[in-house]
file upload00.cif (mmCIF, C-alpha atoms)
data_entry
loop_
_atom_site.group_PDB
_atom_site.id
_atom_site.type_symbol
_atom_site.label_atom_id
_atom_site.label_comp_id
_atom_site.auth_asym_id
_atom_site.auth_seq_id
_atom_site.Cartn_x
_atom_site.Cartn_y
_atom_site.Cartn_z
ATOM 1 C CA MET A 99 -188.216 104.460 -97.391
ATOM 2 C CA ARG A 100 -191.758 105.328 -96.321
ATOM 3 C CA CYS A 101 -192.737 109.032 -96.087
ATOM 4 C CA LEU A 102 -193.452 110.236 -92.540
ATOM 5 C CA TYR A 103 -196.364 112.363 -93.711
ATOM 6 C CA CYS A 104 -198.321 110.357 -96.315
ATOM 7 C CA ASN A 105 -196.813 106.827 -96.047
ATOM 8 C CA CYS A 106 -195.860 106.848 -99.735
ATOM 9 C CA THR A 107 -192.991 104.421 -100.422
ATOM 10 C CA GLU A 108 -191.509 106.462 -103.275
ATOM 11 C CA SER A 109 -189.011 109.237 -102.620
ATOM 12 C CA LYS A 110 -186.011 110.761 -104.331
ATOM 13 C CA VAL A 111 -182.704 111.691 -102.762
ATOM 14 C CA ILE A 112 -182.042 115.424 -103.022
ATOM 15 C CA ASP A 113 -178.786 115.626 -101.068
ATOM 16 C CA SER A 114 -176.323 113.160 -99.489
ATOM 17 C CA ARG A 115 -173.435 113.956 -97.190
ATOM 18 C CA SER A 116 -171.336 112.176 -94.621
ATOM 19 C CA ALA A 117 -171.950 112.690 -90.936
ATOM 20 C CA ASP A 118 -170.551 111.394 -87.652
ATOM 21 C CA ASP A 119 -166.898 111.183 -88.762
ATOM 22 C CA ASP A 120 -167.771 109.473 -92.071
ATOM 23 C CA ARG A 121 -169.538 106.587 -90.322
ATOM 24 C CA THR A 122 -173.004 107.755 -91.294
ATOM 25 C CA ILE A 123 -174.562 109.066 -94.481
ATOM 26 C CA ARG A 124 -177.225 111.737 -94.120
ATOM 27 C CA ARG A 125 -179.742 111.773 -96.961
ATOM 28 C CA ARG A 126 -182.268 114.541 -97.603
ATOM 29 C CA ARG A 127 -185.278 113.059 -99.403
ATOM 30 C CA GLU A 128 -188.372 114.394 -101.119
ATOM 31 C CA CYS A 129 -191.587 112.343 -101.176
ATOM 32 C CA ILE A 130 -192.935 111.681 -104.683
ATOM 33 C CA GLY A 131 -196.503 111.532 -103.304
ATOM 34 C CA CYS A 132 -196.828 114.714 -101.229
ATOM 35 C CA GLY A 133 -193.640 116.627 -102.079
ATOM 36 C CA ARG A 134 -192.594 117.065 -98.426
ATOM 37 C CA ARG A 135 -188.981 116.602 -97.410
ATOM 38 C CA PHE A 136 -187.464 114.467 -94.682
ATOM 39 C CA THR A 137 -184.031 113.273 -93.600
ATOM 40 C CA THR A 138 -182.779 109.695 -93.255
ATOM 41 C CA TYR A 139 -179.507 108.342 -91.922
ATOM 42 C CA GLU A 140 -177.670 105.273 -93.163
ATOM 43 C CA THR A 141 -175.148 103.599 -90.854
ATOM 44 C CA ILE A 142 -173.064 100.455 -90.878
ATOM 45 C CA GLU A 143 -174.612 97.662 -88.867
ATOM 46 C CA ILE A 144 -172.142 96.465 -86.270
ATOM 47 C CA ALA A 145 -172.336 92.895 -85.041
ATOM 48 C CA PRO A 146 -172.253 92.886 -81.247
ATOM 49 C CA ILE A 147 -169.175 91.535 -79.505
ATOM 50 C CA LEU A 148 -169.582 89.627 -76.265
ATOM 51 C CA VAL A 149 -166.900 89.817 -73.601
ATOM 52 C CA VAL A 150 -166.284 86.519 -71.811
ATOM 53 C CA LYS A 151 -165.412 87.292 -68.213
ATOM 54 C CA SER A 152 -163.052 85.138 -66.124
ATOM 55 C CA ASP A 153 -166.023 83.492 -64.357
ATOM 56 C CA GLY A 154 -167.483 82.452 -67.742
ATOM 57 C CA THR A 155 -170.294 85.015 -67.830
ATOM 58 C CA ARG A 156 -170.784 87.132 -70.926
ATOM 59 C CA GLN A 157 -171.665 90.770 -71.371
ATOM 60 C CA ALA A 158 -171.822 93.161 -74.315
ATOM 61 C CA PHE A 159 -168.603 94.952 -75.235
ATOM 62 C CA ASP A 160 -168.667 98.515 -73.911
ATOM 63 C CA LYS A 161 -166.088 101.062 -75.096
ATOM 64 C CA ASP A 162 -167.084 103.403 -72.285
ATOM 65 C CA LYS A 163 -166.166 100.816 -69.662
ATOM 66 C CA ILE A 164 -162.653 100.585 -71.104
ATOM 67 C CA LYS A 165 -162.396 104.369 -71.213
ATOM 68 C CA ARG A 166 -163.467 104.692 -67.566
ATOM 69 C CA GLY A 167 -160.770 102.209 -66.511
ATOM 70 C CA ILE A 168 -158.091 104.024 -68.486
ATOM 71 C CA ILE A 169 -159.175 107.412 -67.134
ATOM 72 C CA LYS A 170 -158.983 106.056 -63.597
ATOM 73 C CA ALA A 171 -155.445 104.741 -64.238
ATOM 74 C CA CYS A 172 -154.423 108.101 -65.764
ATOM 75 C CA GLU A 173 -155.866 110.213 -62.959
ATOM 76 C CA LYS A 174 -153.543 113.094 -62.023
ATOM 77 C CA ARG A 175 -151.169 112.108 -64.833
ATOM 78 C CA PRO A 176 -150.157 114.253 -67.831
ATOM 79 C CA VAL A 177 -152.155 112.181 -70.346
ATOM 80 C CA ALA A 178 -154.371 114.117 -72.744
ATOM 81 C CA VAL A 179 -157.977 113.019 -73.228
ATOM 82 C CA ASP A 180 -157.458 112.741 -76.989
ATOM 83 C CA LYS A 181 -154.687 110.181 -76.355
ATOM 84 C CA ILE A 182 -157.062 108.168 -74.157
ATOM 85 C CA ASP A 183 -159.787 108.389 -76.815
ATOM 86 C CA ALA A 184 -157.317 107.270 -79.488
ATOM 87 C CA LEU A 185 -156.309 104.254 -77.382
ATOM 88 C CA VAL A 186 -159.943 103.291 -76.741
ATOM 89 C CA ASP A 187 -160.794 103.699 -80.438
ATOM 90 C CA ASP A 188 -157.768 101.616 -81.442
ATOM 91 C CA ILE A 189 -158.768 98.792 -79.087
ATOM 92 C CA ALA A 190 -162.375 98.861 -80.318
ATOM 93 C CA LYS A 191 -161.252 98.895 -83.950
ATOM 94 C CA ARG A 192 -158.927 95.926 -83.393
ATOM 95 C CA LEU A 193 -161.715 93.978 -81.696
ATOM 96 C CA TYR A 194 -164.266 94.689 -84.432
ATOM 97 C CA ASN A 195 -161.719 93.962 -87.182
ATOM 98 C CA SER A 196 -160.924 90.602 -85.601
ATOM 99 C CA MET A 197 -164.393 89.437 -86.719
ATOM 100 C CA GLU A 198 -164.717 87.460 -83.477
ATOM 101 C CA GLN A 199 -168.132 87.476 -81.815
ATOM 102 C CA GLU A 200 -166.643 86.690 -78.420
ATOM 103 C CA VAL A 201 -163.462 88.002 -76.857
ATOM 104 C CA SER A 202 -162.056 87.314 -73.407
ATOM 105 C CA SER A 203 -161.758 90.085 -70.858
ATOM 106 C CA LYS A 204 -158.129 88.961 -70.506
ATOM 107 C CA GLN A 205 -157.441 89.869 -74.159
ATOM 108 C CA ILE A 206 -158.975 93.302 -73.675
ATOM 109 C CA GLY A 207 -157.012 93.849 -70.463
ATOM 110 C CA GLU A 208 -153.757 92.975 -72.229
ATOM 111 C CA MET A 209 -154.597 95.399 -75.062
ATOM 112 C CA VAL A 210 -155.242 98.152 -72.526
ATOM 113 C CA MET A 211 -151.997 97.434 -70.706
ATOM 114 C CA ASP A 212 -149.989 97.443 -73.956
ATOM 115 C CA GLY A 213 -151.496 100.822 -74.842
ATOM 116 C CA LEU A 214 -150.962 102.294 -71.387
ATOM 117 C CA LYS A 215 -147.353 101.138 -71.413
ATOM 118 C CA GLN A 216 -146.830 103.448 -74.408
ATOM 119 C CA LEU A 217 -148.846 106.340 -72.936
ATOM 120 C CA ASP A 218 -147.694 106.551 -69.330
ATOM 121 C CA GLU A 219 -145.735 104.068 -67.219
ATOM 122 C CA VAL A 220 -147.354 105.131 -63.951
ATOM 123 C CA ALA A 221 -150.836 104.685 -65.435
ATOM 124 C CA TYR A 222 -149.705 101.286 -66.725
ATOM 125 C CA VAL A 223 -148.563 100.209 -63.248
ATOM 126 C CA ARG A 224 -151.807 101.445 -61.689
ATOM 127 C CA TYR A 225 -153.909 99.532 -64.205
ATOM 128 C CA ALA A 226 -151.723 96.419 -63.959
ATOM 129 C CA SER A 227 -151.914 96.423 -60.165
ATOM 130 C CA VAL A 228 -155.711 96.172 -60.331
ATOM 131 C CA TYR A 229 -155.907 94.017 -63.462
ATOM 132 C CA ARG A 230 -153.301 91.490 -62.367
ATOM 133 C CA SER A 231 -154.509 91.575 -58.756
ATOM 134 C CA PHE A 232 -151.071 91.664 -57.210
ATOM 135 C CA LYS A 233 -151.305 89.587 -54.070
ATOM 136 C CA ASP A 234 -148.353 91.139 -52.289
ATOM 137 C CA ILE A 235 -145.533 93.633 -52.656
ATOM 138 C CA SER A 236 -143.140 91.060 -54.135
ATOM 139 C CA SER A 237 -145.373 90.353 -57.147
ATOM 140 C CA PHE A 238 -145.763 94.107 -57.615
ATOM 141 C CA MET A 239 -141.995 94.595 -57.408
ATOM 142 C CA ALA A 240 -141.416 91.751 -59.895
ATOM 143 C CA GLU A 241 -143.592 93.578 -62.452
ATOM 144 C CA LEU A 242 -141.717 96.838 -61.837
ATOM 145 C CA GLN A 243 -138.412 94.997 -62.246
ATOM 146 C CA ARG A 244 -139.560 93.553 -65.613
ATOM 147 C CA MET A 245 -140.525 97.060 -66.741
ATOM 148 C CA MET A 246 -137.156 98.469 -65.736
ATOM 149 C CA GLU A 247 -135.300 95.647 -67.526
ATOM 150 C CA ARG A 248 -137.337 96.216 -70.712
ATOM 151 C CA LYS A 249 -136.654 99.954 -70.572
ATOM 152 C CA GLU A 250 -132.961 99.348 -69.979
ATOM 153 C CA SER A 251 -132.704 96.948 -72.925
ATOM 154 C CA GLU A 252 -134.548 99.487 -75.157
ATOM 155 C CA ASN A 253 -132.104 102.216 -74.145
ATOM 156 C CA ASN A 254 -129.079 99.965 -74.765
ATOM 157 C CA GLY A 255 -130.376 98.401 -77.977
#

call {"tool": "encode", "arguments": {"input": "upload00.cif", "output": "structure tokens"}}
result
Amino acid sequence: MRCLYCNCTESKVIDSRSADDDRTIRRRRECIGCGRRFTTYETIEIAPILVVKSDGTRQAFDKDKIKRGIIKACEKRPVAVDKIDALVDDIAKRLYNSMEQEVSSKQIGEMVMDGLKQLDEVAYVRYASVYRSFKDISSFMAELQRMMERKESENNG
């Protein structure tokens, strides 16, 4: 690490501690050449994930875009922000742990719907209605019927 003040390449670490929820290490260094102190941060390099859209175009994965969609589905619903954050973090973690460089928007949409189904059924239906692009009321009703059947079988089983 090169000193900011004298460009010396030799320094010693005086203090190290974790930062940013244990994803970053903060190191306090002292330059061997001039004796001045400076701080460096060490983070894990994350390989970018590309999202393949239904039309074949690709764009960088964006956690915030997922969060905005979930927040919109949960509007005026009793869903805490920390639950939304946990869902977004879980989806991002699963995507990064998959080690895939490309993931389809369909896969992400299904992950969001699975998570919303657990959080709030109304939010799930809102998201599904946009995501699945229900063409008419009968396709919407068919999805509601499947939900009710699943819930009924969970209660009976």

call {"tool": "closest_residue", "arguments": {"input": "upload00.cif", "among": "A:Arg156, A:Lys170, A:Lys110, A:Lys151", "to": "A:Gly131", "atoms": "all atoms listed in the file"}}
result
A:Lys110

call {"tool": "closest_residue", "arguments": {"input": "upload00.cif", "among": "A:Ala178, A:Ile112, A:Leu148, A:Ile123", "to": "A:Ile206", "atoms": "all atoms listed in the file"}}
result
A:Leu148

call {"tool": "closest_residue", "arguments": {"input": "upload00.cif", "among": "A:Asp188, A:Asp218, A:Asp118, A:Glu250", "to": "A:Tyr139", "atoms": "only C-alpha atoms"}}
result
A:Asp118

call {"tool": "residues_around", "arguments": {"input": "upload00.cif", "residues": "A:Arg100", "least_positions_apart": "6", "cutoff": "10 Å", "atoms": "all atoms listed in the file", "output": "list in words"}}
result
Cys106, Thr107, Glu108, Ser109 and Cys129 of chain A

call {"tool": "closest_residue", "arguments": {"input": "upload00.cif", "among": "A:Lys191, A:Lys249, A:Arg244, A:Arg134", "to": "A:Ile147", "atoms": "only C-alpha atoms"}}
result
A:Lys191

call {"tool": "atom_distance", "arguments": {"input": "upload00.cif", "atom1": "atom CA of A:Asp120", "atom2": "atom CA of A:Gly213"}}
result
25.2 Å

call {"tool": "atom_distance", "arguments": {"input": "upload00.cif", "atom1": "atom CA of A:Asn195", "atom2": "atom CA of A:Val179"}}
result
23.9 Å

call {"tool": "residues_near_point", "arguments": {"input": "upload00.cif", "point": "(-151.5, 104.0, -62.0)", "cutoff": "7 Å", "atoms": "all atoms listed in the file", "output": "list in words"}}
result
Ala171, Cys172, Val220, Ala221, Tyr222, Val223, Arg224 and Tyr225 of chain A

call {"tool": "closest_residue", "arguments": {"input": "upload00.cif", "among": "A:Glu128, A:Ile164, A:Glu252, A:Lys204", "to": "A:Asp187", "atoms": "all atoms listed in the file"}}
result
A:Ile164

call {"tool": "atom_distance", "arguments": {"input": "upload00.cif", "atom1": "atom CA of A:Ala226", "atom2": "atom CA of A:Asn254"}}
result
25.3 Å

call {"tool": "resolve_selection", "arguments": {"input": "upload00.cif", "expression": "the PyMOL selection byres ((chain A and resi 185) around 9)", "output": "PDB file with C-alpha atoms, in the coordinates of the input"}}
result
ATOM      1  CA  LYS A 165    -162.396 104.369 -71.213  1.00  0.00           C
ATOM      2  CA  ASP A 180    -157.458 112.741 -76.989  1.00  0.00           C
ATOM      3  CA  LYS A 181    -154.687 110.181 -76.355  1.00  0.00           C
ATOM      4  CA  ILE A 182    -157.062 108.168 -74.157  1.00  0.00           C
ATOM      5  CA  ASP A 183    -159.787 108.389 -76.815  1.00  0.00           C
ATOM      6  CA  ALA A 184    -157.317 107.270 -79.488  1.00  0.00           C
ATOM      7  CA  VAL A 186    -159.943 103.291 -76.741  1.00  0.00           C
ATOM      8  CA  ASP A 187    -160.794 103.699 -80.438  1.00  0.00           C
ATOM      9  CA  ASP A 188    -157.768 101.616 -81.442  1.00  0.00           C
ATOM     10  CA  ILE A 189    -158.768  98.792 -79.087  1.00  0.00           C
ATOM     11  CA  ALA A 190    -162.375  98.861 -80.318  1.00  0.00           C
ATOM     12  CA  VAL A 210    -155.242  98.152 -72.526  1.00  0.00           C
ATOM     13  CA  GLY A 213    -151.496 100.822 -74.842  1.00  0.00           C
ATOM     14  CA  LEU A 214    -150.962 102.294 -71.387  1.00  0.00           C
ATOM     15  CA  LEU A 217    -148.846 106.340 -72.936  1.00  0.00           C
TER      16      LEU A 217
END

call {"tool": "closest_residue", "arguments": {"input": "upload00.cif", "among": "A:Ile168, A:Glu200, A:Asn105, A:Arg248", "to": "A:Val228", "atoms": "all atoms listed in the file"}}
result
A:Ile168

call {"tool": "resolve_selection", "arguments": {"input": "upload00.cif", "expression": "the PyMOL selection byres ((chain A and resi 143) around 12)", "output": "PyMOL selection string"}}
result
chain A and resi 121-122+140-142+144-146+194

call {"tool": "residues_around", "arguments": {"input": "upload00.cif", "residues": "A:Thr137", "least_positions_apart": "6", "cutoff": "6 Å", "atoms": "all atoms listed in the file", "output": "list in words"}}
result
Arg125, Arg126 and Arg127 of chain A

call {"tool": "build_atoms", "arguments": {"input": "upload00.cif", "residues": "stretch 156-175 of chain A", "atoms": "N, CA and C atoms", "output": "PDB file, in the coordinates of the input"}}
result
ATOM      1  N   ARG A 156    -170.970  86.308 -69.739  1.00  0.00           N
ATOM      2  CA  ARG A 156    -170.784  87.132 -70.926  1.00  0.00           C
ATOM      3  C   ARG A 156    -171.556  88.431 -70.798  1.00  0.00           C
ATOM      4  N   GLN A 157    -170.967  89.497 -71.329  1.00  0.00           N
ATOM      5  CA  GLN A 157    -171.665  90.770 -71.371  1.00  0.00           C
ATOM      6  C   GLN A 157    -171.261  91.497 -72.646  1.00  0.00           C
ATOM      7  N   ALA A 158    -172.087  92.420 -73.085  1.00  0.00           N
ATOM      8  CA  ALA A 158    -171.822  93.161 -74.315  1.00  0.00           C
ATOM      9  C   ALA A 158    -170.573  94.018 -74.150  1.00  0.00           C
ATOM     10  N   PHE A 159    -169.786  94.092 -75.220  1.00  0.00           N
ATOM     11  CA  PHE A 159    -168.603  94.952 -75.235  1.00  0.00           C
ATOM     12  C   PHE A 159    -169.036  96.400 -75.069  1.00  0.00           C
ATOM     13  N   ASP A 160    -168.323  97.124 -74.209  1.00  0.00           N
ATOM     14  CA  ASP A 160    -168.667  98.515 -73.911  1.00  0.00           C
ATOM     15  C   ASP A 160    -167.399  99.365 -73.928  1.00  0.00           C
ATOM     16  N   LYS A 161    -167.254 100.181 -74.979  1.00  0.00           N
ATOM     17  CA  LYS A 161    -166.088 101.062 -75.096  1.00  0.00           C
ATOM     18  C   LYS A 161    -165.972 101.995 -73.901  1.00  0.00           C
ATOM     19  N   ASP A 162    -167.101 102.456 -73.403  1.00  0.00           N
ATOM     20  CA  ASP A 162    -167.084 103.403 -72.285  1.00  0.00           C
ATOM     21  C   ASP A 162    -166.498 102.783 -71.022  1.00  0.00           C
ATOM     22  N   LYS A 163    -166.715 101.492 -70.837  1.00  0.00           N
ATOM     23  CA  LYS A 163    -166.166 100.816 -69.662  1.00  0.00           C
ATOM     24  C   LYS A 163    -164.632 100.795 -69.735  1.00  0.00           C
ATOM     25  N   ILE A 164    -164.104 100.553 -70.918  1.00  0.00           N
ATOM     26  CA  ILE A 164    -162.653 100.585 -71.104  1.00  0.00           C
ATOM     27  C   ILE A 164    -162.132 101.998 -70.841  1.00  0.00           C
ATOM     28  N   LYS A 165    -162.826 102.980 -71.389  1.00  0.00           N
ATOM     29  CA  LYS A 165    -162.396 104.369 -71.213  1.00  0.00           C
ATOM     30  C   LYS A 165    -162.386 104.760 -69.740  1.00  0.00           C
ATOM     31  N   ARG A 166    -163.414 104.356 -69.001  1.00  0.00           N
ATOM     32  CA  ARG A 166    -163.467 104.692 -67.566  1.00  0.00           C
ATOM     33  C   ARG A 166    -162.270 104.093 -66.825  1.00  0.00           C
ATOM     34  N   GLY A 167    -161.916 102.851 -67.154  1.00  0.00           N
ATOM     35  CA  GLY A 167    -160.770 102.209 -66.511  1.00  0.00           C
ATOM     36  C   GLY A 167    -159.464 102.909 -66.832  1.00  0.00           C
ATOM     37  N   ILE A 168    -159.311 103.329 -68.078  1.00  0.00           N
ATOM     38  CA  ILE A 168    -158.091 104.024 -68.486  1.00  0.00           C
ATOM     39  C   ILE A 168    -158.024 105.397 -67.827  1.00  0.00           C
ATOM     40  N   ILE A 169    -159.153 106.093 -67.782  1.00  0.00           N
ATOM     41  CA  ILE A 169    -159.175 107.412 -67.134  1.00  0.00           C
ATOM     42  C   ILE A 169    -158.798 107.284 -65.663  1.00  0.00           C
ATOM     43  N   LYS A 170    -159.309 106.262 -65.015  1.00  0.00           N
ATOM     44  CA  LYS A 170    -158.983 106.056 -63.597  1.00  0.00           C
ATOM     45  C   LYS A 170    -157.481 105.810 -63.417  1.00  0.00           C
ATOM     46  N   ALA A 171    -156.883 105.014 -64.320  1.00  0.00           N
ATOM     47  CA  ALA A 171    -155.445 104.741 -64.238  1.00  0.00           C
ATOM     48  C   ALA A 171    -154.625 105.995 -64.527  1.00  0.00           C
ATOM     49  N   CYS A 172    -155.150 106.892 -65.359  1.00  0.00           N
ATOM     50  CA  CYS A 172    -154.423 108.101 -65.764  1.00  0.00           C
ATOM     51  C   CYS A 172    -154.718 109.308 -64.886  1.00  0.00           C
ATOM     52  N   GLU A 173    -155.513 109.105 -63.833  1.00  0.00           N
ATOM     53  CA  GLU A 173    -155.866 110.213 -62.959  1.00  0.00           C
ATOM     54  C   GLU A 173    -154.618 110.913 -62.426  1.00  0.00           C
ATOM     55  N   LYS A 174    -154.639 112.247 -62.503  1.00  0.00           N
ATOM     56  CA  LYS A 174    -153.543 113.094 -62.023  1.00  0.00           C
ATOM     57  C   LYS A 174    -152.224 112.815 -62.748  1.00  0.00           C
ATOM     58  N   ARG A 175    -152.339 112.346 -63.993  1.00  0.00           N
ATOM     59  CA  ARG A 175    -151.169 112.108 -64.833  1.00  0.00           C
ATOM     60  C   ARG A 175    -151.266 113.011 -66.056  1.00  0.00           C
TER      61      ARG A 175
END
